[in-house]
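As stored in final36.txt (compact mmCIF, C-alpha atoms and all ligand atoms):
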```txt
# COMPACT_ATOMS: atom_id res chain seq x y z
CA MET T 157 155.96 84.24 116.69
CA LYS T 158 152.60 83.79 115.01
CA ILE T 159 150.93 86.94 113.72
CA LEU T 160 147.31 87.32 112.69
CA GLY T 161 147.02 90.01 110.00
CA ILE T 162 143.74 91.78 109.22
CA GLU T 163 143.16 93.95 106.13
CA THR T 164 139.98 95.89 105.26
CA SER T 165 141.31 99.20 103.89
CA CYS T 166 139.47 99.22 100.59
CA ASP T 167 137.55 96.45 98.84
CA GLU T 168 139.29 93.24 99.96
CA THR T 169 138.45 91.56 103.26
CA SER T 170 141.49 89.55 104.26
CA ALA T 171 142.95 87.66 107.21
CA ALA T 172 146.24 85.78 107.35
CA VAL T 173 148.44 83.89 109.77
CA VAL T 174 152.17 84.34 109.26
CA MET T 175 154.85 82.65 111.32
CA GLY T 176 158.14 84.50 111.84
CA ASP T 177 160.96 82.74 113.67
CA GLY T 178 163.70 85.33 113.34
CA GLN T 179 165.17 83.56 110.31
CA SER T 180 162.29 83.26 107.89
CA PHE T 181 158.60 83.81 107.30
CA GLU T 182 156.02 81.16 106.62
CA VAL T 183 152.56 82.09 105.39
CA GLN T 184 150.32 79.55 107.11
CA GLY T 185 147.08 80.93 105.71
CA ASN T 186 146.00 83.95 103.69
CA ILE T 187 142.33 84.35 102.82
CA VAL T 188 141.22 87.21 100.57
CA SER T 189 137.55 87.85 99.92
CA SER T 190 137.35 90.32 97.05
CA GLN T 191 134.45 92.65 96.33
CA ILE T 192 135.70 93.49 92.85
CA LYS T 193 132.68 91.95 91.09
CA ILE T 194 130.27 94.00 93.21
CA HIS T 195 132.02 97.31 92.57
CA ALA T 196 132.71 96.56 88.90
CA LYS T 197 129.15 97.43 87.93
CA TYR T 198 129.60 100.94 89.43
CA GLY T 199 132.98 101.40 87.71
CA GLY T 200 134.80 101.90 91.02
CA VAL T 201 134.64 101.26 94.75
CA VAL T 202 131.46 102.53 96.48
CA PRO T 203 132.59 103.16 100.08
CA GLU T 204 129.24 102.45 101.76
CA VAL T 205 128.80 99.18 99.89
CA ALA T 206 132.40 98.21 100.68
CA ALA T 207 131.89 98.66 104.43
CA ARG T 208 128.72 96.54 104.43
CA LYS T 209 130.46 93.78 102.49
CA HIS T 210 133.41 93.83 104.92
CA LEU T 211 130.93 93.33 107.76
CA GLU T 212 129.46 90.29 106.03
CA ALA T 213 132.82 88.78 105.13
CA ILE T 214 135.06 89.47 108.11
CA LEU T 215 133.96 86.63 110.42
CA PRO T 216 133.87 83.88 107.76
CA VAL T 217 137.31 85.04 106.57
CA LEU T 218 138.68 84.95 110.13
CA TRP T 219 137.17 81.51 110.76
CA ALA T 220 138.65 80.23 107.54
CA VAL T 221 142.14 81.28 108.57
CA LEU T 222 141.98 80.58 112.32
CA GLY T 223 139.67 77.58 112.41
CA GLU T 224 136.08 78.04 113.57
CA LYS T 225 136.98 77.30 117.19
CA GLY T 226 140.08 79.45 117.03
CA GLN T 227 142.29 76.35 116.86
CA LYS T 228 145.20 78.32 115.50
CA GLN T 229 146.88 80.06 118.43
CA ILE T 230 148.36 83.46 117.70
CA ASP T 231 150.80 85.73 119.53
CA VAL T 232 150.07 89.12 117.97
CA VAL T 233 147.16 90.79 116.15
CA ALA T 234 148.21 93.18 113.36
CA VAL T 235 145.70 95.40 111.58
CA ALA T 236 145.84 97.97 108.77
CA SER T 237 144.62 101.23 110.35
CA GLY T 238 145.15 103.50 107.32
CA PRO T 239 145.37 104.96 104.78
CA GLY T 240 142.10 103.81 103.21
CA LEU T 241 138.34 104.26 103.30
CA ILE T 242 137.31 105.16 106.82
CA THR T 243 134.18 103.00 106.95
CA SER T 244 136.08 99.99 105.56
CA LEU T 245 139.02 100.47 107.96
CA LEU T 246 136.63 100.64 110.93
CA VAL T 247 135.41 97.08 110.35
CA GLY T 248 138.87 95.47 110.50
CA ASN T 249 139.99 97.70 113.36
CA GLU T 250 136.96 96.97 115.56
CA VAL T 251 137.45 93.25 115.01
CA ALA T 252 141.18 93.53 115.81
CA ARG T 253 140.39 95.50 118.96
CA ILE T 254 137.93 92.85 120.18
CA LEU T 255 140.30 89.99 119.36
CA SER T 256 143.14 91.68 121.23
CA TYR T 257 140.92 92.32 124.26
CA LEU T 258 139.51 88.79 124.37
CA SER T 259 142.75 86.94 123.66
CA LYS T 260 144.94 89.34 125.67
CA LYS T 261 147.37 89.39 122.75
CA PRO T 262 149.15 92.63 121.85
CA LEU T 263 147.99 94.73 118.95
CA ALA T 264 150.22 96.16 116.18
CA ARG T 265 148.80 99.13 114.28
CA ILE T 266 150.04 98.95 110.70
CA ASN T 267 150.25 101.48 107.87
CA HIS T 268 148.81 99.91 104.71
CA ILE T 269 151.58 101.32 102.49
CA GLU T 270 154.26 100.04 104.85
CA ALA T 271 152.60 96.62 104.61
CA HIS T 272 152.69 96.72 100.78
CA ILE T 273 156.48 97.15 101.09
CA TYR T 274 156.69 94.20 103.50
CA ALA T 275 155.05 91.93 100.91
CA ASN T 276 158.63 91.78 99.58
CA TRP T 277 159.66 89.80 102.66
CA LEU T 278 157.18 87.10 101.64
CA SER T 279 158.86 86.30 98.35
CA PRO T 280 162.08 84.61 97.31
CA ILE T 281 164.78 87.11 96.36
CA ARG T 282 165.38 86.98 92.62
CA GLU T 283 169.12 87.41 92.54
CA ILE T 284 169.91 84.39 94.71
CA ARG T 285 166.85 82.39 93.83
CA ASN T 286 167.48 78.72 93.50
CA PRO T 287 164.24 77.00 92.53
CA LYS T 288 165.52 73.61 93.65
CA SER T 289 166.28 74.60 97.22
CA GLU T 290 163.32 76.93 97.58
CA ILE T 291 160.87 75.95 100.31
CA ARG T 292 157.39 77.04 99.30
CA ASN T 293 156.00 79.87 101.38
CA LYS T 294 159.10 80.05 103.58
CA TYR T 295 161.35 83.00 102.94
CA PRO T 296 164.59 84.14 104.64
CA ILE T 297 164.20 87.45 106.48
CA SER T 298 167.71 88.73 105.76
CA ASN T 299 167.40 88.77 101.97
CA ILE T 300 166.72 92.47 101.73
CA GLN T 301 169.62 94.74 102.57
CA PHE T 302 169.44 98.41 103.54
CA PRO T 303 169.40 101.11 102.36
CA ALA T 304 166.62 99.95 100.07
CA LEU T 305 164.41 101.80 97.61
CA CYS T 306 160.81 100.78 97.00
CA LEU T 307 158.53 101.92 94.21
CA VAL T 308 155.03 101.72 95.72
CA VAL T 309 152.41 101.73 92.98
CA SER T 310 148.80 101.14 93.97
CA GLY T 311 145.33 102.48 93.29
CA GLY T 312 145.84 105.44 95.60
CA HIS T 313 149.62 105.84 95.83
CA THR T 314 152.68 106.27 93.64
CA GLU T 315 155.72 106.84 95.79
CA LEU T 316 159.43 106.19 95.81
CA ILE T 317 160.34 105.31 99.38
CA LEU T 318 163.86 105.16 100.72
CA MET T 319 164.16 102.68 103.57
CA ARG T 320 167.24 102.93 105.79
CA GLY T 321 166.09 100.14 108.11
CA HIS T 322 162.94 98.52 109.44
CA GLY T 323 160.43 101.28 110.16
CA LYS T 324 162.73 103.99 108.76
CA TYR T 325 161.11 105.56 105.72
CA LYS T 326 161.68 108.66 103.66
CA VAL T 327 159.40 109.50 100.75
CA VAL T 328 161.81 110.77 98.07
CA GLY T 329 159.25 111.11 95.29
CA GLU T 330 155.49 110.95 94.87
CA THR T 331 152.74 111.71 92.43
CA ARG T 332 151.56 115.29 92.20
CA ASP T 333 148.11 114.21 91.03
CA ASP T 334 146.80 110.76 90.01
CA ALA T 335 148.40 107.51 91.15
CA ALA T 336 149.66 105.03 88.53
CA GLY T 337 146.86 102.56 89.39
CA GLU T 338 144.32 105.37 89.11
CA CYS T 339 145.71 106.20 85.66
CA PHE T 340 145.26 102.56 84.60
CA ASP T 341 141.72 102.58 86.00
CA LYS T 342 140.68 105.89 84.40
CA THR T 343 142.19 105.25 80.98
CA ALA T 344 140.61 101.77 80.99
CA LYS T 345 137.27 103.49 81.43
CA ILE T 346 137.99 105.71 78.40
CA LEU T 347 138.65 102.51 76.40
CA GLY T 348 135.36 101.05 77.62
CA LEU T 349 137.09 98.43 79.77
CA GLY T 350 135.89 97.31 83.19
CA TYR T 351 137.08 97.92 86.74
CA PRO T 352 139.80 97.40 87.88
CA GLY T 353 141.47 98.90 84.85
CA GLY T 354 145.04 97.70 85.44
CA PRO T 355 144.48 94.01 84.69
CA ALA T 356 142.06 94.93 81.85
CA ILE T 357 144.63 97.18 80.13
CA ALA T 358 147.34 94.56 80.67
CA ALA T 359 145.16 91.89 79.02
CA GLU T 360 144.39 94.12 76.01
CA ALA T 361 148.06 95.06 75.67
CA ALA T 362 148.97 91.37 75.71
CA ARG T 363 146.46 90.77 72.89
CA PHE T 364 148.20 93.47 70.91
CA MET T 365 151.61 91.93 71.47
CA ALA T 366 150.30 88.48 70.54
CA CYS T 367 149.28 89.88 67.14
CA LEU T 368 152.67 91.32 66.32
CA PRO T 369 154.29 88.33 64.62
CA VAL T 370 151.36 88.09 62.24
CA GLY T 371 151.81 91.72 61.35
CA ARG T 372 148.21 92.69 61.83
CA VAL T 373 147.16 94.96 64.62
CA HIS T 374 143.55 94.11 65.25
CA GLY T 375 142.20 95.63 62.11
CA LEU T 376 143.98 98.96 62.45
CA PRO T 377 144.06 100.63 59.06
CA ALA T 378 147.13 99.68 57.03
CA GLY T 379 149.83 102.31 57.00
CA ARG T 380 149.03 103.32 60.55
CA GLN T 381 150.40 100.10 61.95
CA GLY T 382 153.98 101.22 61.63
CA SER T 383 153.44 104.40 63.54
CA TRP T 384 151.50 102.56 66.23
CA LEU T 385 154.44 100.27 66.68
CA MET T 386 157.32 102.65 66.36
CA ASP T 387 156.24 105.97 67.80
CA LYS T 388 155.71 106.99 71.34
CA LEU T 389 152.29 108.46 70.79
CA LEU T 390 151.51 109.40 74.35
CA PRO T 391 153.55 111.74 76.55
CA ARG T 392 155.80 110.35 79.29
CA PRO T 393 155.01 113.02 81.90
CA MET T 394 157.94 114.23 84.03
CA MET T 395 160.10 111.33 82.86
CA ASP T 396 163.15 113.54 82.45
CA SER T 397 162.58 115.97 85.31
CA PRO T 398 165.46 115.98 87.79
CA ASP T 399 163.26 115.17 90.81
CA PHE T 400 161.62 111.84 91.67
CA ASP T 401 158.01 113.02 91.46
CA PHE T 402 155.35 111.72 89.10
CA SER T 403 152.30 113.15 87.35
CA PHE T 404 149.75 111.01 85.55
CA SER T 405 146.70 113.22 85.08
CA GLY T 406 148.07 114.72 81.82
CA LEU T 407 148.51 111.24 80.42
CA LYS T 408 144.86 110.47 81.10
CA THR T 409 143.79 113.66 79.29
CA ALA T 410 146.10 112.84 76.36
CA VAL T 411 144.46 109.41 76.09
CA LEU T 412 141.01 111.00 76.13
CA TYR T 413 141.82 113.34 73.22
CA MET T 414 143.67 110.72 71.22
CA VAL T 415 140.85 108.20 71.53
CA ARG T 416 138.31 110.87 70.54
CA ASP T 417 140.37 111.66 67.48
CA LEU T 418 140.93 108.03 66.48
CA LEU T 419 137.26 107.18 66.87
CA LYS T 420 136.45 109.55 64.01
CA LYS T 421 137.83 106.99 61.56
CA ASN T 422 138.05 103.72 63.54
CA LYS T 423 135.96 101.60 65.81
CA MET T 424 136.86 101.24 69.47
CA GLU T 425 137.54 97.49 69.01
CA GLU T 426 140.10 98.38 66.37
CA ILE T 427 142.12 100.82 68.41
CA ARG T 428 141.72 99.35 71.89
CA PRO T 429 144.59 96.80 72.02
CA ALA T 430 147.14 99.22 70.54
CA MET T 431 145.97 102.04 72.79
CA ALA T 432 146.15 99.77 75.85
CA ARG T 433 149.67 98.76 74.94
CA GLU T 434 150.75 102.38 74.50
CA ILE T 435 149.17 103.43 77.82
CA GLN T 436 150.95 100.59 79.61
CA GLU T 437 154.27 101.45 77.94
CA ALA T 438 153.93 105.14 78.84
CA ILE T 439 153.22 104.40 82.52
CA VAL T 440 155.95 101.75 82.78
CA ASP T 441 158.53 103.95 80.99
CA VAL T 442 158.06 106.70 83.57
CA LEU T 443 158.03 104.36 86.58
CA ILE T 444 161.21 102.56 85.49
CA ALA T 445 163.14 105.73 84.57
CA LYS T 446 162.40 107.40 87.91
CA THR T 447 163.13 104.29 89.95
CA LEU T 448 166.49 103.85 88.24
CA ARG T 449 167.47 107.47 88.77
CA ALA T 450 166.54 107.36 92.47
CA ALA T 451 168.33 104.03 92.99
CA LYS T 452 171.52 105.53 91.55
CA LYS T 453 171.24 108.79 93.50
CA TYR T 454 170.75 107.07 96.87
CA ASN T 455 173.18 104.27 96.10
CA VAL T 456 170.87 101.63 97.54
CA LYS T 457 171.64 97.95 98.14
CA THR T 458 168.18 96.66 97.21
CA VAL T 459 165.46 97.93 94.88
CA MET T 460 161.87 96.72 95.34
CA LEU T 461 158.41 97.05 93.83
CA ALA T 462 155.16 97.01 95.81
CA GLY T 463 151.41 97.62 95.49
CA GLY T 464 148.68 96.45 93.12
CA VAL T 465 150.34 97.80 89.96
CA SER T 466 153.48 95.77 90.72
CA ALA T 467 151.43 92.72 89.63
CA ASN T 468 151.72 94.14 86.10
CA LYS T 469 153.71 91.67 84.00
CA ARG T 470 155.23 94.28 81.74
CA LEU T 471 156.39 96.42 84.69
CA ARG T 472 157.96 93.33 86.27
CA GLU T 473 159.74 92.38 83.04
CA ARG T 474 161.06 95.88 82.49
CA PHE T 475 162.15 96.13 86.14
CA VAL T 476 164.21 92.93 85.92
CA GLU T 477 165.66 94.02 82.58
CA MET T 478 166.59 97.46 83.99
CA MET T 479 168.16 96.02 87.16
CA ARG T 480 170.25 93.48 85.26
CA ARG T 481 171.45 95.98 82.70
CA GLU T 482 171.92 99.15 84.74
CA LEU T 483 172.53 97.95 88.30
CA PRO T 484 173.97 94.45 88.01
CA ASN T 485 175.45 94.55 91.54
CA THR T 486 172.29 95.67 93.28
CA ARG T 487 169.75 93.25 94.70
CA TYR T 488 166.18 93.51 93.52
CA GLN T 489 162.93 92.15 94.75
CA MET T 490 159.26 92.00 93.80
CA PRO T 491 156.40 90.58 95.83
CA ASP T 492 154.88 87.34 94.57
CA THR T 493 151.94 88.43 92.43
CA LYS T 494 149.49 87.07 95.02
CA TYR T 495 150.91 89.54 97.57
CA CYS T 496 150.91 92.61 95.25
CA THR T 497 147.25 93.53 95.58
CA ASP T 498 145.66 93.98 99.01
CA ASN T 499 146.08 91.01 101.35
CA ALA T 500 146.53 90.37 105.07
CA ALA T 501 149.77 88.36 104.81
CA MET T 502 151.63 91.61 104.12
CA ILE T 503 149.96 93.22 107.18
CA ALA T 504 151.19 90.30 109.31
CA ALA T 505 154.72 90.54 107.89
CA ALA T 506 154.88 94.25 108.78
CA GLY T 507 153.35 93.35 112.16
CA TYR T 508 156.25 91.01 112.87
CA PHE T 509 158.77 93.87 112.67
CA HIS T 510 156.62 96.02 114.96
CA ALA T 511 156.26 93.13 117.40
CA ILE T 512 159.98 92.42 117.75
CA LYS T 513 160.42 96.08 118.74
CA LYS T 514 157.41 95.79 121.08
CA ASP T 515 155.76 98.58 119.13
CA PHE T 516 152.19 97.87 120.22
CA THR T 517 149.01 99.92 120.62
CA PRO T 518 146.67 99.19 123.56
CA TRP T 519 143.27 98.08 122.24
CA GLN T 520 141.64 101.05 124.00
CA LYS T 521 143.76 103.45 121.91
CA LEU T 522 143.47 101.86 118.48
CA LYS T 523 142.37 104.50 115.95
CA VAL T 524 141.94 104.45 112.19
CA ASP T 525 143.52 107.20 110.08
CA PRO T 526 142.18 107.35 106.50
CA ASN T 527 144.98 109.76 105.47
CA TRP T 528 147.88 108.20 107.37
CA GLU T 529 151.13 109.14 105.65
CA LEU T 530 154.19 106.97 106.06
O1 LIG E 601 147.38 97.91 96.09
P1 LIG E 601 146.00 97.75 95.55
O2 LIG E 601 145.41 96.37 95.52
O3 LIG E 601 145.00 98.66 96.30
C1 LIG E 601 145.33 99.91 96.80
O4 LIG E 601 145.94 99.96 97.89
O5 LIG E 601 145.04 100.89 96.07
O6 LIG E 601 146.07 98.36 94.07
C2 LIG E 601 144.95 98.39 93.22
C3 LIG E 601 145.39 98.97 91.90
C4 LIG E 601 144.25 99.24 90.94
O7 LIG E 601 144.38 100.56 90.44
C5 LIG E 601 144.45 98.22 89.83
O8 LIG E 601 144.01 98.67 88.57
C6 LIG E 601 145.95 98.03 89.87
O9 LIG E 601 146.28 98.08 91.23
N1 LIG E 601 146.37 96.75 89.30
C7 LIG E 601 147.10 96.63 88.17
C8 LIG E 601 147.24 95.25 87.92
N2 LIG E 601 146.61 94.57 88.91
C9 LIG E 601 146.09 95.51 89.76
N3 LIG E 601 147.62 97.57 87.35
C10 LIG E 601 148.30 97.15 86.27
N4 LIG E 601 148.46 95.85 85.95
C11 LIG E 601 147.96 94.87 86.73
N5 LIG E 601 148.16 93.60 86.41
ZN ZN E 602 146.75 98.52 98.79
```
Would you put the structure from the file into structure tokens?
Ligand code: KG4
Ligand code: ZN
Amino acid sequence: MKILGIETSCDETSAAVVMGDGQSFEVQGNIVSSQIKIHAKYGGVVPEVAARKHLEAILPVLWAVLGEKGQKQIDVVAVASGPGLITSLLVGNEVARILSYLSKKPLARINHIEAHIYANWLSPIREIRNPKSEIRNKYPISNIQFPALCLVVSGGHTELILMRGHGKYKVVGETRDDAAGECFDKTAKILGLGYPGGPAIAAEAARFMACLPVGRVHGLPAGRQGSWLMDKLLPRPMMDSPDFDFSFSGLKTAVLYMVRDLLKKNKMEEIRPAMAREIQEAIVDVLIAKTLRAAKKYNVKTVMLAGGVSANKRLRERFVEMMRRELPNTRYQMPDTKYCTDNAAMIAAAGYFHAIKKDFTPWQKLKVDPNWEL
């Protein structure tokens, strides 16, 4: 079965063709047209601009993935109908509706968060990975065993989702205020870094780490270096609370006050790499601790990451480390980094599991839902 995926929830216009044969997935094309550069000058996504840019990009992106004469035949159209920005979602959904009507192919209405989770089905499982036998872009469907737990960390969501089977979700923990990605983005702004903040903070933190062997921390005053390295300077909000919820807005405020204080005696360039590293550590510490606790409580067979923040190298390292040390008999999985941030291949992968259950929406009834909860 060949699925066309369409994604326009936020600021990426994407179309993909994914082949699922019951055994494995093959990504035959995945085009992502990003608007990041356009929104970067405003410091965040401007919804009206995003919708206009989706309109400009959607047909070229579709042509690129399908062939200009629609050479690539498809069996199902899958589209992200929410959550997201309503005006952005409308572009992808109108196009999907028309394609379904014209081609007489069924339409699968996909939740964007669900699709982030399904990015895990487009990646080789780590535990049984054998680089020699791995076929590029072709991944066995049965790698992930249920019950599974997924930490979804994106710009708008931070959730721990228990999955008892395909389409069976229970949110066991979520953020009470800001999402982890939002925390990266907002604290990056405080440090004078660009949008999106996650990759910018990660790059600064890497600069800090690269300096360690030399013993100098980007000009930080001597004597302070030790405390920068040894102490946890920022809070780890709710890390030890017995539930699986998160809270990141206090961390953002703590960063604001700490930076203000440090700037009295230092320049921003001097404190930025160390601050970035500490912000990243604080966020990752909390995410890892909560994921581990939930994985143990629900006794899951697989633990996964998903969403834009799961592209973070440090989070991925710590996740692997934690799984190997604490849960050596549990499978774990992360999406390939190219499928962490928004893309249509993940929409198509989720669409496959809707299609095999014949869970379709008639084109006349397709509706977007900006606040769609899983
Ligand atoms: O999943 P996504 O592409 O869009 C939403 O559905 O929200 O996630 C975007 C978020 C942004 O907040 C961005 O800063 C964050 O993912 N992000 C990262 C990294 N790459 C993207 N955060 C930390 N480290 C990264 N390498
Ligand atoms: Zn997303």
Could you give me, as CSV, a per-residue list for chain T showing, wherever an atom lies at most 8 Å from an atom of ligand ZN 602 (chain E), the closest pair of atoms and their distance in Å to one decimal, using only C-alpha atoms and all ligand atoms and sorting by chain then residue number from low to high?
```
residue,atom,partner,partner_atom,distance
T:Ser165,CA,E:ZN602,ZN,7.5
T:Cys166,CA,E:ZN602,ZN,7.5
T:His268,CA,E:ZN602,ZN,6.4
T:Ile269,CA,E:ZN602,ZN,6.7
T:His272,CA,E:ZN602,ZN,6.5
T:Ser310,CA,E:ZN602,ZN,5.9
T:Gly311,CA,E:ZN602,ZN,6.9
T:Gly312,CA,E:ZN602,ZN,7.7
T:Gly463,CA,E:ZN602,ZN,5.8
T:Gly464,CA,E:ZN602,ZN,6.3
T:Thr497,CA,E:ZN602,ZN,6.0
T:Asp498,CA,E:ZN602,ZN,4.7
T:Asn499,CA,E:ZN602,ZN,8.0
```
Completion exercise
Using only C-alpha atoms and all ligand atoms, the shortest atom-to-atom distance to ligand LIG 601 (chain E) among T:Ala220, T:Leu461, T:Ala450, T:Val173 belongs to T:Leu461
Problem - Residue with smallest distance to ligand LIG 601 (chain E) - pool T:Arg487, T:Arg472, T:Lys261, T:Arg208, counting all atoms listed in the file - result: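 Result for the nearest residue to ligand LIG 601 (chain E): T:Arg472.
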Handout entry: Counting only C-alpha atoms and all ligand atoms, the option among T:Phe509, T:Tyr198, T:Phe400, T:Tyr351 closest to ligand LIG 601 (chain E)
Key = T:Tyr351
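One distance worth recording is that between CA of Arg332 in chain T and CA of Asp399 in chain T, which is 11.8 Å.
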With a cut-off of 10 Å, could you pull out the residues of chain T touching ligand LIG 601 (chain E) and give me the nearest pair of atoms for each, distance in Å to one decimal, using all atoms listed in the file, ordered by chain and ascending number, as JSON lines?
```
{"residue": "T:Ser165", "atom": "CA", "partner": "E:LIG601", "partner_atom": "O4", "distance": 7.6}
{"residue": "T:Cys166", "atom": "CA", "partner": "E:LIG601", "partner_atom": "C1", "distance": 7.0}
{"residue": "T:Asp167", "atom": "CA", "partner": "E:LIG601", "partner_atom": "O3", "distance": 8.2}
{"residue": "T:Glu168", "atom": "CA", "partner": "E:LIG601", "partner_atom": "O2", "distance": 8.2}
{"residue": "T:Gly200", "atom": "CA", "partner": "E:LIG601", "partner_atom": "O7", "distance": 9.7}
{"residue": "T:Pro239", "atom": "CA", "partner": "E:LIG601", "partner_atom": "O4", "distance": 8.5}
{"residue": "T:Gly240", "atom": "CA", "partner": "E:LIG601", "partner_atom": "O4", "distance": 7.6}
{"residue": "T:His268", "atom": "CA", "partner": "E:LIG601", "partner_atom": "O4", "distance": 7.4}
{"residue": "T:Ile269", "atom": "CA", "partner": "E:LIG601", "partner_atom": "O4", "distance": 7.4}
{"residue": "T:His272", "atom": "CA", "partner": "E:LIG601", "partner_atom": "O1", "distance": 7.2}
{"residue": "T:Val308", "atom": "CA", "partner": "E:LIG601", "partner_atom": "O1", "distance": 8.6}
{"residue": "T:Val309", "atom": "CA", "partner": "E:LIG601", "partner_atom": "O1", "distance": 7.0}
{"residue": "T:Ser310", "atom": "CA", "partner": "E:LIG601", "partner_atom": "O6", "distance": 3.9}
{"residue": "T:Gly311", "atom": "CA", "partner": "E:LIG601", "partner_atom": "O5", "distance": 3.2}
{"residue": "T:Gly312", "atom": "CA", "partner": "E:LIG601", "partner_atom": "O5", "distance": 4.6}
{"residue": "T:His313", "atom": "CA", "partner": "E:LIG601", "partner_atom": "O5", "distance": 6.7}
{"residue": "T:Thr314", "atom": "CA", "partner": "E:LIG601", "partner_atom": "O5", "distance": 9.7}
{"residue": "T:Ala335", "atom": "CA", "partner": "E:LIG601", "partner_atom": "O7", "distance": 8.1}
{"residue": "T:Ala336", "atom": "CA", "partner": "E:LIG601", "partner_atom": "O7", "distance": 7.2}
{"residue": "T:Gly337", "atom": "CA", "partner": "E:LIG601", "partner_atom": "O7", "distance": 3.4}
{"residue": "T:Glu338", "atom": "CA", "partner": "E:LIG601", "partner_atom": "O7", "distance": 5.0}
{"residue": "T:Cys339", "atom": "CA", "partner": "E:LIG601", "partner_atom": "O7", "distance": 7.5}
{"residue": "T:Phe340", "atom": "CA", "partner": "E:LIG601", "partner_atom": "O8", "distance": 5.7}
{"residue": "T:Asp341", "atom": "CA", "partner": "E:LIG601", "partner_atom": "O8", "distance": 5.2}
{"residue": "T:Lys342", "atom": "CA", "partner": "E:LIG601", "partner_atom": "O7", "distance": 8.9}
{"residue": "T:Ala344", "atom": "CA", "partner": "E:LIG601", "partner_atom": "O8", "distance": 8.9}
{"residue": "T:Gly350", "atom": "CA", "partner": "E:LIG601", "partner_atom": "O8", "distance": 9.8}
{"residue": "T:Tyr351", "atom": "CA", "partner": "E:LIG601", "partner_atom": "O8", "distance": 7.2}
{"residue": "T:Pro352", "atom": "CA", "partner": "E:LIG601", "partner_atom": "O8", "distance": 4.5}
{"residue": "T:Gly353", "atom": "CA", "partner": "E:LIG601", "partner_atom": "O8", "distance": 4.5}
{"residue": "T:Gly354", "atom": "CA", "partner": "E:LIG601", "partner_atom": "N3", "distance": 3.2}
{"residue": "T:Pro355", "atom": "CA", "partner": "E:LIG601", "partner_atom": "N5", "distance": 4.1}
{"residue": "T:Ala356", "atom": "CA", "partner": "E:LIG601", "partner_atom": "N4", "distance": 7.7}
{"residue": "T:Ile357", "atom": "CA", "partner": "E:LIG601", "partner_atom": "N4", "distance": 7.1}
{"residue": "T:Ala358", "atom": "CA", "partner": "E:LIG601", "partner_atom": "N4", "distance": 5.5}
{"residue": "T:Ala359", "atom": "CA", "partner": "E:LIG601", "partner_atom": "N5", "distance": 8.2}
{"residue": "T:Gln436", "atom": "CA", "partner": "E:LIG601", "partner_atom": "C10", "distance": 8.0}
{"residue": "T:Ile439", "atom": "CA", "partner": "E:LIG601", "partner_atom": "C10", "distance": 9.5}
{"residue": "T:Val440", "atom": "CA", "partner": "E:LIG601", "partner_atom": "C10", "distance": 9.6}
{"residue": "T:Ala462", "atom": "CA", "partner": "E:LIG601", "partner_atom": "O1", "distance": 7.8}
{"residue": "T:Gly463", "atom": "CA", "partner": "E:LIG601", "partner_atom": "O1", "distance": 4.1}
{"residue": "T:Gly464", "atom": "CA", "partner": "E:LIG601", "partner_atom": "O6", "distance": 3.4}
{"residue": "T:Val465", "atom": "CA", "partner": "E:LIG601", "partner_atom": "N3", "distance": 3.8}
{"residue": "T:Ser466", "atom": "CA", "partner": "E:LIG601", "partner_atom": "C8", "distance": 6.9}
{"residue": "T:Ala467", "atom": "CA", "partner": "E:LIG601", "partner_atom": "N5", "distance": 4.7}
{"residue": "T:Asn468", "atom": "CA", "partner": "E:LIG601", "partner_atom": "N5", "distance": 3.6}
{"residue": "T:Lys469", "atom": "CA", "partner": "E:LIG601", "partner_atom": "N5", "distance": 6.4}
{"residue": "T:Arg470", "atom": "CA", "partner": "E:LIG601", "partner_atom": "N4", "distance": 8.1}
{"residue": "T:Leu471", "atom": "CA", "partner": "E:LIG601", "partner_atom": "N4", "distance": 8.0}
{"residue": "T:Arg472", "atom": "CA", "partner": "E:LIG601", "partner_atom": "N5", "distance": 9.8}
{"residue": "T:Thr493", "atom": "CA", "partner": "E:LIG601", "partner_atom": "N5", "distance": 8.8}
{"residue": "T:Tyr495", "atom": "CA", "partner": "E:LIG601", "partner_atom": "O2", "distance": 9.0}
{"residue": "T:Cys496", "atom": "CA", "partner": "E:LIG601", "partner_atom": "O1", "distance": 6.4}
{"residue": "T:Thr497", "atom": "CA", "partner": "E:LIG601", "partner_atom": "O2", "distance": 3.4}
{"residue": "T:Asp498", "atom": "CA", "partner": "E:LIG601", "partner_atom": "O2", "distance": 4.2}
{"residue": "T:Asn499", "atom": "CA", "partner": "E:LIG601", "partner_atom": "O2", "distance": 7.9}
```
Problem - Contacts of Trp519 in chain T within 9 Å, all atoms listed in the file, excl. fewer than 5 positions in-chain, as an MDAnalysis selection string - result: chainID T and resid 252:254 256:257 262:263
Export of prior selection with C-alpha atoms as a CSV table (one decimal), in the coordinates of the input:
```
chain,number,residue,atom,x,y,z
T,252,ALA,CA,141.2,93.5,115.8
T,253,ARG,CA,140.4,95.5,119.0
T,254,ILE,CA,137.9,92.8,120.2
T,256,SER,CA,143.1,91.7,121.2
T,257,TYR,CA,140.9,92.3,124.3
T,262,PRO,CA,149.2,92.6,121.8
T,263,LEU,CA,148.0,94.7,119.0
```
Problem - Shell of 10 Å around Asn455 in chain T, only C-alpha atoms, local chain residues under 2 positions omitted, as a ChimeraX atom specification - result: /T:303-305,449-453,457-458,486
Write the selection just made, keeping C-alpha atoms, as a JSON list (two decimals), in the frame of the given file?
```json
[["chain", "number", "residue", "atom", "x", "y", "z"],
["T", 303, "PRO", "CA", 169.40, 101.11, 102.36],
["T", 304, "ALA", "CA", 166.62, 99.95, 100.07],
["T", 305, "LEU", "CA", 164.41, 101.80, 97.61],
["T", 449, "ARG", "CA", 167.47, 107.47, 88.77],
["T", 450, "ALA", "CA", 166.54, 107.36, 92.47],
["T", 451, "ALA", "CA", 168.33, 104.03, 92.99],
["T", 452, "LYS", "CA", 171.52, 105.53, 91.55],
["T", 453, "LYS", "CA", 171.24, 108.79, 93.50],
["T", 457, "LYS", "CA", 171.64, 97.95, 98.14],
["T", 458, "THR", "CA", 168.18, 96.66, 97.21],
["T", 486, "THR", "CA", 172.29, 95.67, 93.28]]
```
